[in-house]
Every structure is written in structure tokens, then in C-alpha cells.
$ cat upload01.tsv   # TSV, C-alpha atoms and all ligand atoms
chain	number	residue	atom	x	y	z
X	1	MET	CA	-9.41	17.52	36.02
X	2	GLU	CA	-11.31	19.12	33.15
X	3	TYR	CA	-9.83	19.11	29.65
X	4	LYS	CA	-11.28	21.05	26.73
X	5	ILE	CA	-10.89	19.22	23.44
X	6	ALA	CA	-11.69	20.79	20.06
X	7	VAL	CA	-13.02	18.02	17.83
X	8	VAL	CA	-12.69	18.28	14.07
X	9	LYS	CA	-14.25	15.14	12.63
X	10	GLY	CA	-13.50	16.05	9.02
X	11	ASP	CA	-14.57	14.14	5.93
X	12	GLY	CA	-14.92	10.56	4.67
X	13	ILE	CA	-14.14	8.10	7.47
X	14	GLY	CA	-13.09	11.00	9.75
X	15	PRO	CA	-16.38	11.18	11.70
X	16	GLU	CA	-16.53	7.38	12.06
X	17	VAL	CA	-13.05	7.01	13.56
X	18	VAL	CA	-13.24	10.16	15.70
X	19	ASP	CA	-16.51	8.90	17.24
X	20	SER	CA	-14.66	5.72	18.21
X	21	ALA	CA	-11.84	7.70	19.84
X	22	ILE	CA	-14.37	9.76	21.80
X	23	GLU	CA	-16.03	6.59	23.12
X	24	ILE	CA	-12.62	5.45	24.38
X	25	LEU	CA	-11.85	8.85	25.92
X	26	ASP	CA	-15.22	8.85	27.69
X	27	LEU	CA	-14.47	5.46	29.19
X	28	ILE	CA	-11.03	6.65	30.33
X	29	GLY	CA	-12.69	9.75	31.80
X	30	GLU	CA	-15.06	7.56	33.86
X	31	ARG	CA	-12.34	5.17	35.00
X	32	TYR	CA	-9.79	7.79	35.99
X	33	ASN	CA	-12.12	10.58	37.01
X	34	HIS	CA	-11.38	13.14	34.31
X	35	LYS	CA	-13.86	15.31	32.48
X	36	PHE	CA	-13.30	15.70	28.75
X	37	ILE	CA	-15.35	18.57	27.33
X	38	TYR	CA	-15.69	18.34	23.57
X	39	LYS	CA	-16.46	21.22	21.25
X	40	GLU	CA	-17.10	20.11	17.72
X	41	VAL	CA	-16.08	22.42	14.88
X	42	LEU	CA	-15.88	22.03	11.13
X	43	ALA	CA	-12.84	22.01	8.87
X	44	GLY	CA	-12.05	20.61	5.43
X	45	GLY	CA	-14.70	19.64	2.91
X	46	ALA	CA	-17.49	19.68	5.52
X	47	ALA	CA	-16.61	23.29	6.40
X	48	TYR	CA	-16.46	24.26	2.74
X	49	ASP	CA	-19.93	22.80	2.19
X	50	ALA	CA	-21.34	24.63	5.22
X	51	PHE	CA	-19.53	27.97	4.98
X	52	GLY	CA	-17.66	28.09	1.64
X	53	ASP	CA	-14.40	28.09	3.63
X	54	PRO	CA	-12.33	24.99	4.56
X	55	LEU	CA	-11.02	26.65	7.72
X	56	PRO	CA	-13.59	29.05	9.22
X	57	LYS	CA	-12.44	31.61	11.81
X	58	GLU	CA	-14.64	30.02	14.46
X	59	THR	CA	-12.76	26.73	14.05
X	60	ILE	CA	-9.43	28.45	14.57
X	61	GLU	CA	-10.72	30.31	17.62
X	62	VAL	CA	-12.20	27.21	19.26
X	63	CYS	CA	-9.00	25.23	18.61
X	64	LYS	CA	-6.85	28.00	20.10
X	65	LYS	CA	-8.99	28.11	23.24
X	66	SER	CA	-8.86	24.33	23.80
X	67	HIS	CA	-6.26	22.22	25.58
X	68	ALA	CA	-5.91	19.97	22.53
X	69	VAL	CA	-7.36	19.31	19.09
X	70	LEU	CA	-8.54	15.88	17.95
X	71	LEU	CA	-8.79	15.63	14.18
X	72	GLY	CA	-10.15	12.96	11.84
X	73	SER	CA	-8.99	13.54	8.30
X	74	VAL	CA	-10.12	15.85	5.55
X	75	GLY	CA	-10.55	15.74	1.81
X	76	GLY	CA	-12.20	13.67	-0.89
X	77	ASN	CA	-12.88	13.57	-4.61
X	78	LYS	CA	-15.92	15.80	-4.19
X	79	TRP	CA	-13.68	18.81	-3.49
X	80	ASP	CA	-10.75	17.93	-5.78
X	81	ASN	CA	-11.56	20.55	-8.38
X	82	LEU	CA	-11.90	23.54	-6.07
X	83	PRO	CA	-9.35	26.36	-6.32
X	84	LYS	CA	-6.25	25.78	-4.17
X	85	ASP	CA	-7.28	28.12	-1.33
X	86	LYS	CA	-10.66	26.39	-0.95
X	87	ARG	CA	-9.41	22.81	-0.93
X	88	PRO	CA	-9.96	20.79	2.27
X	89	GLU	CA	-6.21	20.16	2.74
X	90	ARG	CA	-5.72	23.92	3.25
X	91	ALA	CA	-7.44	23.43	6.59
X	92	ILE	CA	-4.61	21.22	7.87
X	93	LEU	CA	-1.84	23.57	6.75
X	94	GLY	CA	-3.83	26.54	8.07
X	95	LEU	CA	-4.38	24.95	11.48
X	96	ARG	CA	-0.71	24.02	11.81
X	97	LYS	CA	0.22	27.59	11.00
X	98	GLU	CA	-2.39	29.23	13.24
X	99	LEU	CA	-1.45	27.00	16.18
X	100	GLY	CA	2.30	27.33	15.55
X	101	LEU	CA	2.74	23.55	15.40
X	102	PHE	CA	6.39	23.12	14.48
X	103	ALA	CA	6.97	19.56	15.72
X	104	ASN	CA	5.42	16.50	14.17
X	105	LEU	CA	5.70	13.26	16.12
X	106	ARG	CA	5.04	10.04	14.26
X	107	PRO	CA	5.56	6.73	16.00
X	108	GLY	CA	6.32	3.79	13.75
X	109	MET	CA	6.13	0.59	15.72
X	110	LEU	CA	5.60	-2.98	14.74
X	111	PHE	CA	2.63	-4.54	16.48
X	112	LYS	CA	3.86	-8.05	17.31
X	113	ALA	CA	0.51	-9.54	16.32
X	114	LEU	CA	0.74	-7.93	12.87
X	115	GLU	CA	4.26	-9.03	12.07
X	116	ASP	CA	3.09	-10.77	8.91
X	117	ALA	CA	1.92	-7.44	7.49
X	118	CYS	CA	5.48	-6.06	7.63
X	119	PRO	CA	7.12	-6.31	4.20
X	120	LEU	CA	10.56	-6.99	5.74
X	121	LYS	CA	11.93	-10.50	6.31
X	122	SER	CA	11.51	-11.76	9.89
X	123	GLU	CA	15.30	-12.05	10.42
X	124	ILE	CA	15.57	-8.30	9.70
X	125	VAL	CA	12.64	-7.36	11.91
X	126	GLY	CA	14.03	-9.45	14.79
X	127	GLU	CA	12.43	-8.37	18.04
X	128	GLY	CA	10.47	-5.64	16.24
X	129	PHE	CA	10.98	-1.89	16.21
X	130	ASP	CA	9.59	1.19	17.87
X	131	ILE	CA	10.73	4.41	16.21
X	132	LEU	CA	9.55	7.93	16.96
X	133	VAL	CA	10.08	10.28	14.05
X	134	VAL	CA	10.36	13.90	15.24
X	135	ARG	CA	9.95	16.00	12.13
X	136	GLU	CA	10.32	19.78	11.88
X	137	LEU	CA	7.04	20.98	10.44
X	138	THR	CA	7.01	24.68	9.68
X	139	GLY	CA	10.44	25.45	8.21
X	140	GLY	CA	12.83	24.23	5.55
X	141	ILE	CA	12.27	23.90	1.83
X	142	TYR	CA	8.45	23.71	1.98
X	143	PHE	CA	8.33	27.20	3.44
X	144	GLY	CA	11.47	28.74	1.90
X	145	GLU	CA	11.65	31.16	-0.98
X	146	SER	CA	10.68	29.59	-4.30
X	147	GLY	CA	10.18	30.75	-7.84
X	148	ILE	CA	11.18	30.54	-11.45
X	149	ARG	CA	14.00	32.59	-12.98
X	150	GLU	CA	15.25	32.98	-16.52
X	151	THR	CA	18.62	31.44	-17.27
X	152	ASP	CA	20.72	30.86	-20.43
X	153	ASN	CA	19.20	27.36	-20.49
X	154	GLY	CA	15.63	28.63	-20.27
X	155	PRO	CA	13.43	28.98	-17.17
X	156	ALA	CA	14.82	27.37	-13.99
X	157	ALA	CA	12.79	26.66	-10.86
X	158	TYR	CA	14.16	26.93	-7.33
X	159	ASP	CA	13.04	26.10	-3.77
X	160	ILE	CA	15.31	27.23	-0.97
X	161	GLU	CA	16.00	25.19	2.16
X	162	THR	CA	16.55	27.57	5.07
X	163	TYR	CA	16.83	26.79	8.77
X	164	SER	CA	17.53	29.30	11.51
X	165	GLU	CA	19.31	28.29	14.72
X	166	MET	CA	16.11	29.01	16.63
X	167	GLU	CA	14.09	26.62	14.44
X	168	VAL	CA	16.63	23.82	14.83
X	169	ARG	CA	17.09	24.40	18.55
X	170	ARG	CA	13.38	24.19	19.40
X	171	ILE	CA	12.76	20.99	17.40
X	172	ALA	CA	15.98	19.43	18.71
X	173	LYS	CA	14.81	20.11	22.27
X	174	ILE	CA	11.59	18.26	21.57
X	175	GLY	CA	13.60	15.37	20.11
X	176	PHE	CA	15.81	15.15	23.20
X	177	GLU	CA	12.86	15.47	25.59
X	178	MET	CA	11.19	12.56	23.79
X	179	ALA	CA	14.41	10.53	23.89
X	180	MET	CA	14.59	11.09	27.66
X	181	LYS	CA	11.10	9.60	28.00
X	182	ARG	CA	12.04	6.63	25.81
X	183	ARG	CA	15.26	4.64	25.32
X	184	LYS	CA	17.58	7.69	25.43
X	185	HIS	CA	18.92	7.32	21.93
X	186	LEU	CA	18.58	10.00	19.25
X	187	THR	CA	19.58	9.83	15.60
X	188	SER	CA	19.70	13.19	13.88
X	189	VAL	CA	19.33	12.90	10.13
X	190	ASP	CA	20.80	15.49	7.76
X	191	LYS	CA	22.85	15.87	4.61
X	192	SER	CA	25.71	17.86	6.07
X	193	ASN	CA	28.24	16.47	3.62
X	194	VAL	CA	26.51	18.61	0.96
X	195	LEU	CA	24.11	21.16	2.46
X	196	GLU	CA	25.03	24.28	4.44
X	197	SER	CA	21.62	24.21	6.15
X	198	SER	CA	22.43	20.67	7.33
X	199	ARG	CA	25.78	21.78	8.73
X	200	LEU	CA	23.98	24.38	10.83
X	201	TRP	CA	21.41	21.72	11.80
X	202	ARG	CA	24.12	19.34	13.00
X	203	ARG	CA	26.00	22.04	14.92
X	204	VAL	CA	22.86	23.17	16.78
X	205	VAL	CA	21.78	19.58	17.54
X	206	ASN	CA	25.21	19.01	19.10
X	207	GLU	CA	24.81	22.18	21.17
X	208	VAL	CA	21.38	21.11	22.45
X	209	ALA	CA	22.82	17.65	23.20
X	210	GLN	CA	25.03	19.22	25.89
X	211	ASP	CA	21.88	19.70	28.00
X	212	TYR	CA	20.98	16.01	27.70
X	213	PRO	CA	24.14	14.09	28.63
X	214	GLU	CA	22.15	10.89	29.21
X	215	VAL	CA	21.00	10.75	25.60
X	216	GLN	CA	23.25	8.95	23.16
X	217	VAL	CA	23.41	11.02	19.95
X	218	GLU	CA	24.21	9.79	16.50
X	219	HIS	CA	24.25	11.70	13.20
X	220	MET	CA	23.29	10.02	9.96
X	221	TYR	CA	23.13	11.22	6.36
X	222	VAL	CA	19.62	10.99	4.96
X	223	ASP	CA	20.56	8.59	2.16
X	224	ASN	CA	22.07	6.21	4.70
X	225	ALA	CA	19.03	6.65	6.99
X	226	ALA	CA	16.69	5.66	4.15
X	227	MET	CA	18.69	2.43	3.79
X	228	GLN	CA	19.09	1.77	7.51
X	229	VAL	CA	15.37	1.87	8.29
X	230	ILE	CA	14.97	-1.05	5.90
X	231	ARG	CA	18.22	-2.84	6.78
X	232	ASP	CA	17.86	-2.64	10.57
X	233	PRO	CA	14.86	-0.64	11.84
X	234	GLY	CA	15.45	-1.88	15.40
X	235	GLN	CA	18.53	0.37	15.75
X	236	PHE	CA	16.40	3.55	15.93
X	237	ASP	CA	14.71	5.13	18.92
X	238	VAL	CA	14.09	8.85	18.22
X	239	LEU	CA	14.79	9.93	14.67
X	240	LEU	CA	15.07	13.73	14.50
X	241	THR	CA	14.98	15.44	11.14
X	242	THR	CA	13.93	18.30	8.87
X	243	ASN	CA	10.59	18.89	7.22
X	244	LEU	CA	11.55	17.43	3.82
X	245	PHE	CA	13.58	14.45	5.06
X	246	GLY	CA	10.97	13.73	7.74
X	247	ASP	CA	8.16	13.73	5.22
X	248	ILE	CA	9.84	11.00	3.21
X	249	LEU	CA	11.31	8.92	6.05
X	250	SER	CA	8.11	8.88	8.11
X	251	ASP	CA	6.14	7.52	5.14
X	252	GLU	CA	8.82	4.91	4.52
X	253	ILE	CA	8.66	3.83	8.16
X	254	SER	CA	4.85	3.73	8.20
X	255	MET	CA	4.96	1.20	5.35
X	256	LEU	CA	7.07	-1.11	7.51
X	257	THR	CA	4.30	-1.35	10.06
X	258	GLY	CA	1.86	-2.92	7.64
X	259	SER	CA	-1.21	-0.72	7.74
X	260	ILE	CA	-1.92	2.94	7.47
X	261	GLY	CA	-5.01	2.41	9.66
X	262	MET	CA	-2.86	1.75	12.74
X	263	LEU	CA	-0.62	4.80	13.08
X	264	PRO	CA	-1.28	7.96	15.10
X	265	SER	CA	0.50	11.31	15.05
X	266	ALA	CA	0.85	14.45	17.11
X	267	SER	CA	1.81	17.97	16.13
X	268	LEU	CA	3.06	20.19	18.92
X	269	GLY	CA	3.92	23.87	19.33
X	270	GLN	CA	5.65	25.88	22.03
X	271	THR	CA	2.61	26.76	24.13
X	272	SER	CA	-0.38	26.22	21.82
X	273	PRO	CA	-2.72	23.22	22.04
X	274	GLY	CA	-1.34	20.20	20.20
X	275	LEU	CA	-3.13	18.55	17.33
X	276	PHE	CA	-3.64	14.79	17.33
X	277	GLU	CA	-4.68	12.87	14.23
X	278	PRO	CA	-4.27	9.54	12.44
X	279	ILE	CA	-1.68	9.53	9.66
X	280	HIS	CA	-4.21	8.23	7.15
X	281	GLY	CA	-6.52	10.32	4.98
X	282	SER	CA	-10.28	10.33	4.68
X	283	ALA	CA	-10.40	7.03	2.76
X	284	PRO	CA	-13.37	7.95	0.55
X	285	ASP	CA	-13.38	4.41	-0.89
X	286	ILE	CA	-14.64	2.94	2.40
X	287	ALA	CA	-16.40	5.96	3.94
X	288	GLY	CA	-19.88	5.22	5.31
X	289	LYS	CA	-19.39	1.43	5.19
X	290	GLY	CA	-18.58	1.14	8.90
X	291	ILE	CA	-15.42	-0.87	8.24
X	292	ALA	CA	-12.68	1.73	8.83
X	293	ASN	CA	-9.98	0.79	11.30
X	294	PRO	CA	-10.39	3.15	14.27
X	295	ILE	CA	-7.06	2.21	15.92
X	296	ALA	CA	-4.93	5.03	14.42
X	297	THR	CA	-7.36	7.61	15.81
X	298	ILE	CA	-7.74	5.82	19.13
X	299	LEU	CA	-3.94	5.80	19.47
X	300	SER	CA	-3.91	9.49	18.51
X	301	ALA	CA	-6.22	10.08	21.49
X	302	ALA	CA	-3.71	8.15	23.62
X	303	MET	CA	-0.94	10.47	22.37
X	304	MET	CA	-3.15	13.41	23.35
X	305	LEU	CA	-3.46	12.06	26.89
X	306	ARG	CA	0.29	11.49	27.09
X	307	PHE	CA	1.64	14.66	25.49
X	308	ALA	CA	-1.08	17.29	25.95
X	309	PHE	CA	-2.41	16.29	29.37
X	310	ASP	CA	0.53	14.36	30.83
X	311	LEU	CA	-1.75	11.41	31.65
X	312	LYS	CA	0.74	8.59	31.19
X	313	GLU	CA	-1.16	5.82	32.95
X	314	GLU	CA	-4.32	6.55	30.96
X	315	ALA	CA	-2.38	6.58	27.67
X	316	ASP	CA	-0.69	3.30	28.61
X	317	ALA	CA	-4.11	1.77	29.34
X	318	ILE	CA	-5.33	2.53	25.81
X	319	GLU	CA	-2.15	1.34	24.11
X	320	SER	CA	-2.09	-1.85	26.12
X	321	ALA	CA	-5.77	-2.55	25.30
X	322	VAL	CA	-5.06	-2.14	21.58
X	323	ASN	CA	-2.17	-4.60	21.82
X	324	LYS	CA	-4.26	-7.12	23.74
X	325	VAL	CA	-7.08	-6.96	21.23
X	326	LEU	CA	-4.63	-7.54	18.38
X	327	ASP	CA	-2.93	-10.36	20.30
X	328	ALA	CA	-6.35	-11.97	20.69
X	329	GLY	CA	-6.55	-12.09	16.90
X	330	LEU	CA	-9.23	-9.44	16.44
X	331	ARG	CA	-8.87	-7.55	13.16
X	332	THR	CA	-10.54	-4.91	11.04
X	333	ALA	CA	-10.78	-5.51	7.30
X	334	ASP	CA	-7.55	-3.68	6.43
X	335	ILE	CA	-5.35	-5.80	8.69
X	336	ARG	CA	-6.94	-9.22	8.41
X	337	GLY	CA	-5.33	-12.10	6.58
X	338	LYS	CA	-6.84	-13.49	3.41
X	339	ASP	CA	-10.24	-15.12	4.09
X	340	GLU	CA	-10.09	-14.13	7.80
X	341	ASP	CA	-13.15	-12.71	9.55
X	342	PHE	CA	-13.10	-9.06	10.45
X	343	LEU	CA	-14.73	-6.63	12.86
X	344	THR	CA	-16.57	-3.45	11.94
X	345	THR	CA	-15.38	-0.08	13.25
X	346	GLN	CA	-17.92	-0.24	16.07
X	347	GLU	CA	-17.12	-3.85	16.99
X	348	MET	CA	-13.40	-3.06	17.19
X	349	THR	CA	-14.16	-0.02	19.36
X	350	GLU	CA	-16.28	-2.16	21.70
X	351	ALA	CA	-13.55	-4.80	21.88
X	352	ILE	CA	-10.97	-2.19	22.91
X	353	LYS	CA	-13.38	-0.70	25.46
X	354	LYS	CA	-13.97	-4.10	27.02
X	355	THR	CA	-10.22	-4.62	27.34
X	356	ILE	CA	-9.41	-1.29	29.01
P	401	LIG	P1	-6.03	7.51	2.50
P	401	LIG	O1	-5.10	7.38	3.64
P	401	LIG	O2	-7.32	8.18	2.75
P	401	LIG	O3	-6.34	6.03	1.92
P	401	LIG	C1	-5.36	5.18	1.36
P	401	LIG	C2	-5.86	3.73	1.42
P	401	LIG	O4	-5.82	3.28	2.78
P	401	LIG	C3	-7.31	3.57	0.97
P	401	LIG	O5	-7.47	2.34	0.30
P	401	LIG	C4	-8.10	3.55	2.27
P	401	LIG	O6	-9.30	2.82	2.20
P	401	LIG	C5	-7.11	2.89	3.21
P	401	LIG	N1	-7.29	3.39	4.58
P	401	LIG	C6	-6.92	4.62	5.06
P	401	LIG	N2	-7.28	4.73	6.34
P	401	LIG	C7	-7.87	3.58	6.69
P	401	LIG	C8	-8.47	3.11	7.89
P	401	LIG	N3	-8.51	3.84	9.01
P	401	LIG	N4	-9.01	1.87	7.88
P	401	LIG	C9	-8.98	1.11	6.79
P	401	LIG	N5	-8.43	1.49	5.62
P	401	LIG	C10	-7.89	2.73	5.57
P	401	LIG	O7	-5.24	8.24	1.33
P	401	LIG	P2	-5.78	8.77	-0.09
P	401	LIG	O8	-6.79	7.81	-0.65
P	401	LIG	O9	-4.57	9.09	-0.85
P	401	LIG	O10	-6.48	10.14	0.24
P	401	LIG	C11	-7.89	10.31	0.40
P	401	LIG	C12	-8.18	11.75	0.77
P	401	LIG	O11	-7.61	12.01	2.07
P	401	LIG	C13	-7.56	12.77	-0.17
P	401	LIG	O12	-8.49	13.79	-0.37
P	401	LIG	C14	-6.34	13.27	0.57
P	401	LIG	O13	-5.99	14.59	0.21
P	401	LIG	C15	-6.84	13.22	1.99
P	401	LIG	N6	-5.77	13.13	3.02
P	401	LIG	C16	-5.98	13.84	4.15
P	401	LIG	C17	-5.07	13.78	5.18
P	401	LIG	C18	-5.33	14.55	6.44
P	401	LIG	O14	-6.46	14.96	6.66
P	401	LIG	N7	-4.34	14.78	7.29
P	401	LIG	C19	-3.93	12.98	5.05
P	401	LIG	C20	-3.77	12.24	3.87
P	401	LIG	C21	-4.70	12.32	2.87
$ encode --input "upload01.tsv" --output "C-alpha cells" --more "lines below"
Ligand code: NAD
Amino acid sequence: MEYKIAVVKGDGIGPEVVDSAIEILDLIGERYNHKFIYKEVLAGGAAYDAFGDPLPKETIEVCKKSHAVLLGSVGGNKWDNLPKDKRPERAILGLRKELGLFANLRPGMLFKALEDACPLKSEIVGEGFDILVVRELTGGIYFGESGIRETDNGPAAYDIETYSEMEVRRIAKIGFEMAMKRRKHLTSVDKSNVLESSRLWRRVVNEVAQDYPEVQVEHMYVDNAAMQVIRDPGQFDVLLTTNLFGDILSDEISMLTGSIGMLPSASLGQTSPGLFEPIHGSAPDIAGKGIANPIATILSAAMMLRFAFDLKEEADAIESAVNKVLDAGLRTADIRGKDEDFLTTQEMTEAIKKTI
């Protein structure tokens, strides 16, 4: 099969880690007889430098015409003082909007070999955890009406949380589909004891649940969820939630895994190509040194194979190679213990390739 992949390397360590992911994809292509056709386009600071625009039209067009988008990360101090509409981060929001990416999937799993990096006590971590946060990405308070109005107490600011049934239904479906592919347990997080929008959320999630009788559904208030992920992370499988709650909970969960350099993500739409990227930023402090951890981006490529191309075996092969390399004690600088040796980005990439 032929798969067209739009590649946005981005800024800082973006090009370094995306190159690693492409090397892995090429190897998978050879092994399993697939052809990955890459089309590189610019976004973020690099696009601003080249065209004065962080998200050029050509980039949007190429992404729309591809089967999937592989992204590094954008941004850096160099562009921090640009006006808001020229800043590199606009490229990410713009791409999500243009591609209609309403579902953000963020796995948070504990790599057994990196247990020591988890800030929780070992008796809490137990056998480890493997959570998939399914976060609504294009609705809710970040996109609701906002403004400032005059009141008797002076100016008051407001941001409105709004969710339509359609928005909840489509993200809930994704949550249940994911649960069906995993351990068939879904926790929907809301604040329905206080918020009307959460009451609608809960009602629609329960309606969608009727179509997935095999999935065990649980509802949890967000304040409790924030506690439970620290008290007993192993209880979660799929955690389905709104844009705002998902933003906070997914960052909390990523901290439990020890390193930001390890975690991938996927953003999916109804029919558009999905976007696959590491959760970390462009890490300007280590850019160009060749020491960035490529694993988050390599695992993002694995998510692309799994979710965009339905290539489960190939995705498993990458994930299993990453685990084996970690089990063998190989580390990049960000995940090594004190005084331990570490591999460069390229050496880690080679080690994973040899293990596939
Ligand atoms: P960051 O994730 O870039 O870095 C935080 C810390 O983690 C740094 O010390 C960095 O060296 C380290 N780190 C991150 N990724 C690593 C990796 N793969 N290997 C080893 N160490 C790694 O976050 P930041 O410093 O807050 O942001 C830097 C820039 O990235 C900012 O301009 C920010 O806006 C941008 N950013 C972009 C995205 C995106 O493109 N989606 C996401 C977050 C931040």
C-alpha cells in the first residue's frame, strides 16, 4: 500500500526527532512492504522565517491532501515577541481547525523500565498503568464566547463553556471505539454536580454507551478524577473528557510517566487526515545538540500506523522495540539516572531500528 504523509518538522528539536521517526517508518515500510511517500512542508517559526506566515496556505493544502500529518514541534524564544497571529503556536491551532481535528488522544503509560522516574510510590503504581486520555479538542470554554462586561463591581471577564449534543456524541463515540480496542472500560469525567454543560455531556455519553454494551462505563467528577489519577492510576483505561478538563488531566498524567520525551499524541477528525505529534515542545535549550529523546515522536509514528492506516502489527512492532530497548537499559539524557551513560538521538534511533 502507498501512504501519503505530510511532514512538518517544525522548530528546535522538531527536525531532529522527526528525522528519527522517518528512519523508523522507512524500515517498517521495507519490512512490511508499504510505501510511505513524504511531502515536507513548513509551519511554525520556520514558516514565519521563510514566508512571514506561521501557517502558509500550501502547508494546509498538502496536509489536507495527505493520509496523515507527522509533526515535530513548533516555537522558540526567537519568535516570542511576534504579534499573536504570527506566532508559531498559531500554526498548531490553525492546523487543528483546518483539518477539523476534534479528538485528541494522549496515552499515558508507565514504561516498566522507567518506573524510578515516576514520582508516585511503588505501592501506588503497583503493576503500572496504561491510560488513554480522549480529550475533546475544538469545543468548550476555549472556543466559547468570551469578553469583559461592566458590572457594579467594575469590569468582569467571562468565558463560556458550551457543548452541543453533536460535539459530545462524536467525541464519546471515539472514546468508546478506543475502549473497544483496549480493556473495554471508559471513565467519563465531568462536573455535572455544578455545570449544565456537564449534565448534557453525561446524558449524551450514556446515550452513546447504549451502542457499546461491552464497555463498562463510569462517571467521575473532575475534582475526584484529579485525585484518583494520583491515588490509583491503574484503575483507568480510557478517560473521556472535555477540552478544559482534558488539558489539565492529560498534563497531570504525563508527569506520572517520568519524561515528556516519551509520550506521543494523535489528533483525529471525522474524515480528515489525523495529526500525530509528540506532546513535548521544541525544547530550544537542547536543540542542535543531538541529544533529544526521539521516542515520543517515534511512538507518534506508531500511533499514525495504528489509527490512520490501521496497521496494527506494524505499530506493535515499533512499540515493542521501544520497550525492549528501554528494558536493555538504553537511555537518552533526559531519562538516564544520575551519572549513567546516555545515547544520542541518532544512537537511540539506531538501537530501536536494530530491535525491530
Ligand atoms: P518543551 O516541551 O519544549 O521543553 C520542556 C523541557 O523538556 C525542556 O527542558 C526540554 O529540554 C525538555 N524536553 C522536551 N522534549 C524533550 C525531548 N524530546 N528530549 C529531551 N528533553 C526534552 O516545553 P517549553 O520549553 O515550555 O517550550 C518550548 C517551546 O515549545 C515554546 O516555544 C512552546 O510554545 C513550544 N511548544 C510547542 C508545542 C507544539 O508544537 N505542539 C507544544 C508545547 C510547547
$ atom_distance --input "upload01.tsv" --atom1 "CA of Trp79 in chain X" --atom2 "CA of Pro54 in chain X"
10.2 Å
$ closest_atom_pairs --input "upload01.tsv" --of "range 220-269 of chain X" --to "range 137-140 of chain X" --cutoff "8 Å" --atoms "only C-alpha atoms" --output "CSV"
residue,atom,partner,partner_atom,distance
X:Thr242,CA,X:Gly140,CA,6.9
X:Asn243,CA,X:Leu137,CA,5.2
X:Leu244,CA,X:Gly140,CA,7.1
$ closest_residue --input "upload01.tsv" --among "X:Glu252, X:Glu165, X:Asp80, X:Glu16" --to "Cys118 in chain X" --atoms "all atoms listed in the file"
X:Glu252
$ atom_distance --input "upload01.tsv" --atom1 "CA of Phe111 in chain X" --atom2 "CA of Ser259 in chain X"
10.3 Å
$ atom_distance --input "upload01.tsv" --atom1 "atom C13 of ligand LIG 401 (chain P)" --atom2 "CA of Pro56 in chain X"
19.7 Å
$ closest_atom_pairs --input "upload01.tsv" --of "chain X" --to "ligand LIG 401 (chain P)" --cutoff "10 Å" --atoms "all atoms listed in the file" --output "tab-separated table"
residue	atom	partner	partner_atom	distance
X:Lys9	CA	P:LIG401	O14	9.8
X:Gly10	CA	P:LIG401	O14	7.5
X:Asp11	CA	P:LIG401	O14	8.2
X:Gly12	CA	P:LIG401	C12	7.9
X:Ile13	CA	P:LIG401	N3	7.2
X:Gly14	CA	P:LIG401	O14	8.3
X:Glu16	CA	P:LIG401	N3	9.3
X:Val17	CA	P:LIG401	N3	7.2
X:Ala43	CA	P:LIG401	O14	9.8
X:Gly44	CA	P:LIG401	O14	8.0
X:Gly45	CA	P:LIG401	O12	9.1
X:Leu71	CA	P:LIG401	O14	7.9
X:Gly72	CA	P:LIG401	O14	6.7
X:Ser73	CA	P:LIG401	O14	3.3
X:Val74	CA	P:LIG401	O14	3.9
X:Gly75	CA	P:LIG401	O12	3.6
X:Gly76	CA	P:LIG401	O12	3.7
X:Asn77	CA	P:LIG401	O12	6.1
X:Lys78	CA	P:LIG401	O12	8.6
X:Trp79	CA	P:LIG401	O12	7.9
X:Asp80	CA	P:LIG401	O12	7.2
X:Arg87	CA	P:LIG401	O13	9.0
X:Pro88	CA	P:LIG401	O12	7.6
X:Glu89	CA	P:LIG401	O13	6.1
X:Arg90	CA	P:LIG401	O14	9.6
X:Ala91	CA	P:LIG401	O14	8.5
X:Ile92	CA	P:LIG401	N7	6.5
X:Leu93	CA	P:LIG401	N7	9.2
X:Ser259	CA	P:LIG401	C10	7.8
X:Ile260	CA	P:LIG401	N2	5.8
X:Gly261	CA	P:LIG401	N3	3.8
X:Met262	CA	P:LIG401	N3	7.1
X:Leu263	CA	P:LIG401	N3	8.9
X:Ser265	CA	P:LIG401	N7	9.8
X:Glu277	CA	P:LIG401	N7	7.2
X:Pro278	CA	P:LIG401	N7	7.3
X:Ile279	CA	P:LIG401	C19	6.2
X:His280	CA	P:LIG401	O1	3.7
X:Gly281	CA	P:LIG401	O2	3.2
X:Ser282	CA	P:LIG401	O11	4.1
X:Ala283	CA	P:LIG401	O2	3.3
X:Pro284	CA	P:LIG401	C11	6.0
X:Asp285	CA	P:LIG401	O6	5.4
X:Ile286	CA	P:LIG401	O6	5.3
X:Ala287	CA	P:LIG401	O6	8.0
X:Gly290	CA	P:LIG401	N4	9.7
X:Ile291	CA	P:LIG401	C9	6.9
X:Ala292	CA	P:LIG401	N4	3.8
X:Asn293	CA	P:LIG401	N4	3.7
X:Pro294	CA	P:LIG401	N3	5.6
X:Ile295	CA	P:LIG401	N3	7.2
X:Ala296	CA	P:LIG401	N3	6.6
X:Thr297	CA	P:LIG401	N3	7.9
X:Thr332	CA	P:LIG401	C9	7.5
X:Ala333	CA	P:LIG401	C9	6.9
X:Asp334	CA	P:LIG401	C9	5.0
X:Ile335	CA	P:LIG401	C9	8.0
X:Thr345	CA	P:LIG401	N4	8.6
$ residues_around --input "upload01.tsv" --residues "Tyr38 in chain X" --least-positions-apart "3" --cutoff "8 Å" --atoms "all atoms listed in the file" --output "PyMOL selection string"
chain X and resi 4-7
$ closest_residue --input "upload01.tsv" --among "X:Ser250, X:Asp341, X:Gly274, X:Pro233" --to "Arg96 in chain X" --atoms "all atoms listed in the file"
X:Gly274
$ closest_residue --input "upload01.tsv" --among "X:Ile253, X:Val62, X:Val194, X:Ile22" --to "Pro107 in chain X" --atoms "all atoms listed in the file"
X:Ile253
$ residues_near_point --input "upload01.tsv" --point "(27.5, 12.0, 17.7)" --cutoff "10 Å" --atoms "all atoms listed in the file" --output "mmCIF file with C-alpha atoms, keeping the file's coordinate frame"
data_model
loop_
_atom_site.group_PDB
_atom_site.id
_atom_site.type_symbol
_atom_site.label_atom_id
_atom_site.label_comp_id
_atom_site.auth_asym_id
_atom_site.auth_seq_id
_atom_site.Cartn_x
_atom_site.Cartn_y
_atom_site.Cartn_z
ATOM 1 C CA LEU X 186 18.580 10.000 19.250
ATOM 2 C CA THR X 187 19.580 9.830 15.600
ATOM 3 C CA SER X 188 19.700 13.190 13.880
ATOM 4 C CA ARG X 202 24.120 19.340 13.000
ATOM 5 C CA VAL X 205 21.780 19.580 17.540
ATOM 6 C CA ASN X 206 25.210 19.010 19.100
ATOM 7 C CA ALA X 209 22.820 17.650 23.200
ATOM 8 C CA GLN X 216 23.250 8.950 23.160
ATOM 9 C CA VAL X 217 23.410 11.020 19.950
ATOM 10 C CA GLU X 218 24.210 9.790 16.500
ATOM 11 C CA HIS X 219 24.250 11.700 13.200
ATOM 12 C CA MET X 220 23.290 10.020 9.960
#
$ closest_residue --input "upload01.tsv" --among "X:Gly288, X:Pro155, X:Gly144, X:Gly246" --to "Leu132 in chain X" --atoms "all atoms listed in the file"
X:Gly246
$ axis_aligned_box --input "upload01.tsv" --around "range 321-324 of chain X" --padding-each-side "4 Å" --output "AutoDock Vina command-line options"
--center_x -4.0 --center_y -4.6 --center_z 23.4 --size_x 11.6 --size_y 13.0 --size_z 11.7
$ closest_residue --input "upload01.tsv" --among "X:Leu330, X:Ser300, X:Leu343, X:Glu61" --to "Leu25 in chain X" --atoms "all atoms listed in the file"
X:Ser300
